[in-house]
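See structure below.
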Amino acid sequence: MQCPNCQNTDSRVLESRSADTGKSVRRRRECLNCSSRFTTYERIESMPIAVIKKMEVENFLIKIN
Ligand SMILES: [Zn+2]
């Protein structure tokens, strides 16, 4: 994640919490170079594999009933 102030790519995460009912993660970051603080939002694109497997099992059960 690039710093908006100095474009340095090394930052540390101060705080991370889920936002938008778990679909994205909001992170407070601090640049290791200039110490400027910024917030990033990271959208979770893929579902956890366990959730996908559970859905496949459910679909299978629906088909055989
Ligand atoms: Zn910076």
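Identifiers in this document derive from the order of the structure tokens: chains are assigned A, B, ..., residues are numbered from 1 separately in each chain, and ligands are numbered from 1 in order of occurrence.
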Could you list, as a PyMOL selection string, all the residues within 12 Å of ligand 1, counting only C-alpha atoms and all ligand atoms?
chain A and resi 1-12+29-38
Same residues, C-alpha atoms, saved as a CSV table (one decimal), in the first residue's frame:
chain,number,residue,atom,x,y,z
A,1,MET,CA,0.0,0.0,0.0
A,2,GLN,CA,1.5,3.3,-1.1
A,3,CYS,CA,1.8,6.3,1.1
A,4,PRO,CA,-0.2,9.2,-0.4
A,5,ASN,CA,2.4,11.7,0.9
A,6,CYS,CA,5.8,10.2,-0.1
A,7,GLN,CA,4.8,7.2,-2.2
A,8,ASN,CA,6.8,4.9,0.1
A,9,THR,CA,5.3,1.4,0.0
A,10,ASP,CA,6.3,0.4,3.5
A,11,SER,CA,3.6,1.0,6.1
A,12,ARG,CA,2.5,-0.6,9.2
A,29,ARG,CA,-1.8,2.7,8.4
A,30,GLU,CA,1.3,4.7,9.2
A,31,CYS,CA,4.0,5.3,6.7
A,32,LEU,CA,7.4,4.0,7.9
A,33,ASN,CA,9.2,6.7,6.0
A,34,CYS,CA,7.3,10.0,6.8
A,35,SER,CA,5.0,8.8,9.6
A,36,SER,CA,2.0,10.1,7.8
A,37,ARG,CA,-1.2,8.3,8.6
A,38,PHE,CA,-3.8,7.2,6.1
Where in chain A does DSSP assign helix (DSSP H, G or I), given as an NGL selection string?
:A and (49-64)
Leaving out Arg43 in chain A and any residue of its chain fewer than 4 positions from it, which residues lie within 10 Å of it when counting only C-alpha atoms, given as a JSON list (two decimals) with N, CA and C atoms, in the first residue's frame?
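What ended up in part.json:
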[["chain", "number", "residue", "atom", "x", "y", "z"],
["A", 18, "SER", "N", -13.41, -4.60, 10.18],
["A", 18, "SER", "CA", -14.26, -4.85, 9.03],
["A", 18, "SER", "C", -15.30, -3.74, 8.92],
["A", 19, "ALA", "N", -15.62, -3.41, 7.68],
["A", 19, "ALA", "CA", -16.62, -2.39, 7.39],
["A", 19, "ALA", "C", -17.58, -2.94, 6.36],
["A", 20, "ASP", "N", -18.69, -2.25, 6.15],
["A", 20, "ASP", "CA", -19.65, -2.65, 5.12],
["A", 20, "ASP", "C", -20.10, -4.10, 5.35],
["A", 22, "GLY", "N", -18.67, -6.65, 6.78],
["A", 22, "GLY", "CA", -17.68, -7.68, 6.53],
["A", 22, "GLY", "C", -17.21, -7.82, 5.09],
["A", 23, "LYS", "N", -17.74, -6.99, 4.18],
["A", 23, "LYS", "CA", -17.34, -7.10, 2.77],
["A", 23, "LYS", "C", -16.06, -6.35, 2.48],
["A", 24, "SER", "N", -15.67, -5.45, 3.34],
["A", 24, "SER", "CA", -14.41, -4.75, 3.15],
["A", 24, "SER", "C", -13.73, -4.55, 4.50],
["A", 25, "VAL", "N", -12.44, -4.33, 4.43],
["A", 25, "VAL", "CA", -11.65, -4.12, 5.64],
["A", 25, "VAL", "C", -11.06, -2.72, 5.61],
["A", 26, "ARG", "N", -11.28, -2.00, 6.69],
["A", 26, "ARG", "CA", -10.74, -0.65, 6.81],
["A", 26, "ARG", "C", -9.48, -0.74, 7.64]]
Quick check for you: according to DSSP on this backbone, which residues of chain A are classed as strand (DSSP E)? Reply as a list of chain:residue names.
A:Ser11, A:Arg12, A:Val13, A:Leu14, A:Glu15, A:Ser16, A:Arg17, A:Ser18, A:Ala19, A:Ser24, A:Val25, A:Arg26, A:Arg27, A:Arg28, A:Arg29, A:Glu30, A:Cys31, A:Arg37, A:Phe38, A:Thr39, A:Thr40, A:Tyr41, A:Glu42, A:Arg43
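Counting from CA of Thr40 in chain A, the distance to CA of Thr21 in chain A is 16.2 Å.
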Interatomic distance (Å, one decimal) between CA of Glu45 in chain A and CA of Ser16 in chain A
17.2 Å
